[in-house]
Amino acid sequence: MNYENLLIAIEEKIATVTINRPAKLNALNKATISDLSKAVKLLGKNEEVRVIIITGSGEKAFVAGADISEFVNYTIIEGTQLAAEGHESLFDYIENLKKPVIAAINGFALGGGLELAMACHFRIASDNAKMGLPEASLGLIPGYGGTQRLPQLIGKGRAMEMIMTAGMISADEAKQYGLVNHVVPQAELLSFTSVIAQKIIKNAPFAINKAIKAINANYKDGKDGFETEIKSFGKCFGTQDFKEGTTAFLEKRKAQFTGK
């Protein structure tokens, strides 16, 4: 499938999704959100893909925010619908995807861009990256999960400060806060991220899926994360991957997982 605003490459079971609107610093408009939603859903079903990396085109921006020109005249009802649809079709969908999604932040990740990165399972940044949620300076609050995911990742106090000041932090500050896992030179960003993706691919896909589900359960109202872990742990015992993994360990060889 061809996408207006995305480039997709699949190599060695890793799908790299590049948001490709460099003239707009890869800002998220409705068409791009729709493209991303469709692409992630298809890649999630693609048995040849085990890990998804999301990044931005060029050297300036991952995603420099939402496309403000699209919603500047929205009503209360339209604004509410915009946020609700974005949550359902893309941001929550990525967070709960069975396959790992890694954000490779190659520059500015602001507003909806940082919210997209936070919806991914973890983040790696280039050393020139800048991150922030500037919505308050526009008379808004983050609407794609920023008020929920940022405190989960960096703590309530720092999240309050970032959102209320509408300021930006550097890649090194983001690492110090726990917002990103690693900071690397921009030229090494995708290769470094791919190395981590390959480490993930060596492990059992079913187990990775259940780990994502169990970890996420801890952050959802009405969910008992421990109960989710117990049930998910038990389900692993019914898989071929469990039999292969334990047999390979006992036979002192590398496991060959199938995802079944």
# chains A, B, ... in the order shown; residues from 1 in each chain; ligands from 1
>>> residues_around(residues="Val51 in chain A", least_positions_apart="5", cutoff="12 Å", atoms="only C-alpha atoms", output="number ranges by chain")
A: 9-17, 40, 43-46, 94, 97-103, 120-122, 193-203, 205, 208-209
>>> residues_around(residues="range 177-192 of chain A", least_positions_apart="5", cutoff="6 Å", atoms="only C-alpha atoms", output="short mmCIF file (atom, residue, chain, number, x, y, z; two decimals) with N, CA and C atoms, in the first residue's frame")
data_model
loop_
_atom_site.label_atom_id
_atom_site.label_comp_id
_atom_site.auth_asym_id
_atom_site.auth_seq_id
_atom_site.Cartn_x
_atom_site.Cartn_y
_atom_site.Cartn_z
N ARG A 123 11.59 4.80 23.79
CA ARG A 123 12.07 5.85 22.93
C ARG A 123 13.60 5.94 22.95
N ILE A 124 14.17 6.22 21.78
CA ILE A 124 15.60 6.48 21.64
C ILE A 124 15.72 7.80 20.89
N ALA A 125 16.62 8.68 21.35
CA ALA A 125 16.70 10.02 20.77
C ALA A 125 18.08 10.31 20.20
N SER A 126 18.11 11.11 19.15
CA SER A 126 19.37 11.65 18.66
C SER A 126 19.78 12.81 19.57
N ASP A 127 21.07 13.12 19.57
CA ASP A 127 21.57 14.11 20.53
C ASP A 127 21.09 15.53 20.25
N LEU A 153 5.74 8.41 32.84
CA LEU A 153 7.12 8.22 32.43
C LEU A 153 8.13 9.01 33.26
N ILE A 154 7.77 10.25 33.64
CA ILE A 154 8.78 11.11 34.29
C ILE A 154 8.36 11.59 35.68
#
>>> residues_around(residues="Ser37 in chain A", least_positions_apart="3", cutoff="12 Å", atoms="only C-alpha atoms", output="PyMOL selection string")
chain A and resi 3+5-6+17+28+30-34+40-44+85-94+97+116
>>> atom_distance(atom1="CA of Glu244 in chain A", atom2="CA of Ala211 in chain A")
18.2 Å
>>> closest_atom_pairs(of="range 52-85 of chain A", to="range 136-139 of chain A", cutoff="12 Å", atoms="only C-alpha atoms", output="JSON lines")
{"residue": "A:Gly65", "atom": "CA", "partner": "A:Leu138", "partner_atom": "CA", "distance": 11.9}
{"residue": "A:Ala66", "atom": "CA", "partner": "A:Leu138", "partner_atom": "CA", "distance": 11.7}
{"residue": "A:Ile68", "atom": "CA", "partner": "A:Leu138", "partner_atom": "CA", "distance": 9.5}
{"residue": "A:Phe71", "atom": "CA", "partner": "A:Leu138", "partner_atom": "CA", "distance": 11.8}
{"residue": "A:Val72", "atom": "CA", "partner": "A:Leu138", "partner_atom": "CA", "distance": 10.0}
>>> write_last_selection(atoms="N, CA and C atoms", output="compact mmCIF listing (two decimals), in the first residue's frame")
# COMPACT_ATOMS: atom_id res chain seq x y z
N GLY A 65 4.78 18.54 16.00
CA GLY A 65 3.48 18.91 16.55
C GLY A 65 2.34 18.55 15.62
N ALA A 66 1.15 18.99 15.98
CA ALA A 66 -0.02 18.80 15.14
C ALA A 66 -0.09 19.95 14.13
N ILE A 68 -1.77 22.79 13.16
CA ILE A 68 -2.72 23.69 13.81
C ILE A 68 -3.73 24.28 12.84
N PHE A 71 -7.31 22.71 12.71
CA PHE A 71 -8.33 22.75 13.76
C PHE A 71 -8.49 24.12 14.43
N VAL A 72 -7.93 25.15 13.82
CA VAL A 72 -7.95 26.47 14.44
C VAL A 72 -9.37 27.00 14.66
>>> closest_atom_pairs(of="range 187-244 of chain A", to="range 141-150 of chain A", cutoff="12 Å", atoms="only C-alpha atoms", output="CSV")
residue,atom,partner,partner_atom,distance
A:Asn216,CA,A:Arg149,CA,11.1
A:Tyr219,CA,A:Arg149,CA,9.1
A:Lys220,CA,A:Gln148,CA,10.4
A:Asp221,CA,A:Gln148,CA,11.7
>>> write_last_selection(atoms="C-alpha atoms", output="compact mmCIF listing (two decimals), in the first residue's frame")
# COMPACT_ATOMS: atom_id res chain seq x y z
CA ASN A 216 0.40 -1.76 30.37
CA TYR A 219 -1.33 1.86 34.22
CA LYS A 220 -4.99 1.23 33.42
CA ASP A 221 -7.85 2.03 35.79
>>> atom_distance(atom1="CA of Thr18 in chain A", atom2="CA of Lys38 in chain A")
13.7 Å
>>> residues_around(residues="Ser232 in chain A", least_positions_apart="6", cutoff="10 Å", atoms="only C-alpha atoms", output="ChimeraX atom specification")
/A:206-207,209-211,213-214,226
>>> write_last_selection(atoms="N, CA and C atoms", output="PDB file, in the first residue's frame")
ATOM      1  N   PHE A 206       5.322 -14.437  21.424  1.00  0.00           N
ATOM      2  CA  PHE A 206       4.161 -14.555  22.303  1.00  0.00           C
ATOM      3  C   PHE A 206       4.484 -13.970  23.678  1.00  0.00           C
ATOM      4  N   ALA A 207       5.670 -14.270  24.174  1.00  0.00           N
ATOM      5  CA  ALA A 207       6.084 -13.751  25.474  1.00  0.00           C
ATOM      6  C   ALA A 207       6.215 -12.228  25.438  1.00  0.00           C
ATOM      7  N   ASN A 209       4.551 -10.193  23.517  1.00  0.00           N
ATOM      8  CA  ASN A 209       3.167  -9.719  23.485  1.00  0.00           C
ATOM      9  C   ASN A 209       2.576  -9.678  24.884  1.00  0.00           C
ATOM     10  N   LYS A 210       2.738 -10.764  25.626  1.00  0.00           N
ATOM     11  CA  LYS A 210       2.158 -10.846  26.963  1.00  0.00           C
ATOM     12  C   LYS A 210       2.864  -9.906  27.938  1.00  0.00           C
ATOM     13  N   ALA A 211       4.148  -9.671  27.736  1.00  0.00           N
ATOM     14  CA  ALA A 211       4.868  -8.719  28.585  1.00  0.00           C
ATOM     15  C   ALA A 211       4.325  -7.304  28.385  1.00  0.00           C
ATOM     16  N   LYS A 213       1.335  -6.498  27.389  1.00  0.00           N
ATOM     17  CA  LYS A 213      -0.008  -6.467  27.987  1.00  0.00           C
ATOM     18  C   LYS A 213       0.057  -6.336  29.505  1.00  0.00           C
ATOM     19  N   ALA A 214       0.933  -7.100  30.140  1.00  0.00           N
ATOM     20  CA  ALA A 214       1.031  -7.085  31.598  1.00  0.00           C
ATOM     21  C   ALA A 214       1.576  -5.753  32.116  1.00  0.00           C
ATOM     22  N   PHE A 226      -0.944  -7.283  38.528  1.00  0.00           N
ATOM     23  CA  PHE A 226      -0.437  -8.561  39.017  1.00  0.00           C
ATOM     24  C   PHE A 226      -1.283  -9.724  38.494  1.00  0.00           C
TER      25      PHE A 226
END
>>> residues_around(residues="Met164 in chain A", least_positions_apart="3", cutoff="10 Å", atoms="only C-alpha atoms", output="PyMOL selection string")
chain A and resi 133-137+141+158-161+167
>>> select_by_dssp(residues="range 4-233 of chain A", states="helix (DSSP H, G or I)", output="compact mmCIF listing (two decimals) with C-alpha atoms, in the first residue's frame")
# COMPACT_ATOMS: atom_id res chain seq x y z
CA PRO A 22 9.70 17.52 5.77
CA ALA A 23 8.35 20.86 4.53
CA LYS A 24 5.97 20.86 7.54
CA LYS A 30 -5.51 14.19 9.71
CA ALA A 31 -4.14 12.47 6.62
CA THR A 32 -0.88 11.54 8.37
CA ILE A 33 -2.69 10.20 11.42
CA SER A 34 -4.91 8.15 9.12
CA ASP A 35 -1.88 6.85 7.19
CA LEU A 36 -0.09 5.93 10.42
CA SER A 37 -3.14 4.15 11.77
CA LYS A 38 -3.54 2.07 8.60
CA ALA A 39 0.17 1.31 8.36
CA VAL A 40 0.57 0.23 11.99
CA LYS A 41 -2.50 -2.03 11.77
CA LEU A 42 -1.21 -3.71 8.61
CA LEU A 43 2.30 -4.14 10.02
CA GLY A 44 0.81 -5.53 13.21
CA LYS A 45 -0.79 -8.30 11.15
CA ILE A 68 -2.72 23.69 13.81
CA SER A 69 -4.19 25.10 10.60
CA GLU A 70 -6.58 22.13 10.45
CA ILE A 76 -15.94 22.16 21.53
CA ILE A 77 -17.66 19.16 19.96
CA GLU A 78 -15.20 19.00 17.06
CA GLY A 79 -12.20 19.32 19.40
CA THR A 80 -13.48 16.54 21.63
CA GLN A 81 -14.06 14.31 18.62
CA LEU A 82 -10.57 15.07 17.27
CA ALA A 83 -8.94 13.88 20.49
CA ALA A 84 -11.21 10.83 20.89
CA GLU A 85 -10.62 9.62 17.34
CA GLY A 86 -6.87 10.11 17.62
CA HIS A 87 -6.72 8.11 20.84
CA GLU A 88 -8.70 5.21 19.42
CA SER A 89 -7.26 5.01 15.92
CA LEU A 90 -3.57 5.59 16.64
CA PHE A 91 -2.16 6.48 20.05
CA ASP A 92 -3.92 3.87 22.22
CA TYR A 93 -3.66 1.38 19.37
CA ILE A 94 0.14 1.70 19.26
CA GLU A 95 0.44 1.44 23.05
CA GLY A 112 1.35 15.49 19.16
CA GLY A 113 4.82 14.39 18.10
CA LEU A 114 5.94 13.79 21.68
CA GLU A 115 2.57 12.16 22.38
CA LEU A 116 3.17 9.79 19.46
CA ALA A 117 6.63 8.95 20.81
CA MET A 118 5.20 8.36 24.30
CA ALA A 119 2.56 5.98 22.89
CA GLU A 135 -0.18 23.23 23.93
CA ALA A 136 -0.77 25.60 26.87
CA SER A 137 0.87 28.38 24.85
CA LEU A 138 -1.92 27.89 22.28
CA GLY A 146 0.16 13.65 26.96
CA THR A 147 -1.37 14.46 30.35
CA GLN A 148 -1.51 10.74 31.16
CA ARG A 149 1.63 9.20 29.66
CA LEU A 150 4.10 11.96 30.56
CA PRO A 151 3.50 11.68 34.35
CA GLN A 152 3.72 7.89 34.06
CA LEU A 153 7.12 8.22 32.43
CA ILE A 154 8.78 11.11 34.29
CA LYS A 156 3.88 14.09 38.28
CA GLY A 157 5.97 17.11 39.26
CA ARG A 158 8.17 17.21 36.18
CA ALA A 159 5.17 16.56 33.93
CA MET A 160 3.26 19.41 35.56
CA GLU A 161 6.22 21.73 34.96
CA MET A 162 6.71 20.71 31.33
CA ILE A 163 3.02 21.06 30.48
CA MET A 164 2.42 24.31 32.39
CA THR A 165 5.57 26.07 31.15
CA ALA A 171 17.71 14.92 24.69
CA ASP A 172 20.08 14.63 27.66
CA GLU A 173 17.43 16.04 30.02
CA ALA A 174 14.89 13.61 28.56
CA LYS A 175 17.24 10.73 29.33
CA GLN A 176 17.82 12.02 32.85
CA TYR A 177 14.04 12.20 33.36
CA GLN A 186 21.92 11.43 14.86
CA ALA A 187 23.92 9.52 12.24
CA GLU A 188 23.78 6.43 14.48
CA LEU A 189 20.13 6.68 15.57
CA LEU A 190 18.53 4.15 13.22
CA SER A 191 21.41 1.67 13.34
CA PHE A 192 21.47 1.81 17.15
CA THR A 193 17.70 1.35 17.30
CA SER A 194 17.92 -1.58 14.88
CA VAL A 195 20.46 -3.32 17.12
CA ILE A 196 18.01 -3.15 20.02
CA ALA A 197 15.21 -4.35 17.74
CA GLN A 198 17.32 -7.36 16.71
CA LYS A 199 17.86 -8.24 20.37
CA ILE A 200 14.06 -8.23 20.83
CA ILE A 201 13.56 -10.39 17.74
CA PRO A 205 7.01 -13.20 20.17
CA PHE A 206 4.16 -14.56 22.30
CA ALA A 207 6.08 -13.75 25.47
CA ILE A 208 6.87 -10.23 24.21
CA ASN A 209 3.17 -9.72 23.48
CA LYS A 210 2.16 -10.85 26.96
CA ALA A 211 4.87 -8.72 28.58
CA ILE A 212 3.51 -5.61 26.82
CA LYS A 213 -0.01 -6.47 27.99
CA ALA A 214 1.03 -7.09 31.60
CA ILE A 215 3.15 -3.93 31.88
CA ASN A 216 0.40 -1.76 30.37
CA ALA A 217 -2.18 -3.23 32.77
CA GLY A 225 -1.47 -5.66 36.80
CA PHE A 226 -0.44 -8.56 39.02
CA GLU A 227 -3.48 -10.58 37.98
CA THR A 228 -2.76 -9.83 34.31
CA GLU A 229 0.83 -10.96 34.83
CA ILE A 230 -0.23 -14.21 36.50
CA LYS A 231 -2.66 -15.11 33.71
CA SER A 232 -0.21 -14.10 30.97
CA PHE A 233 2.58 -16.09 32.60
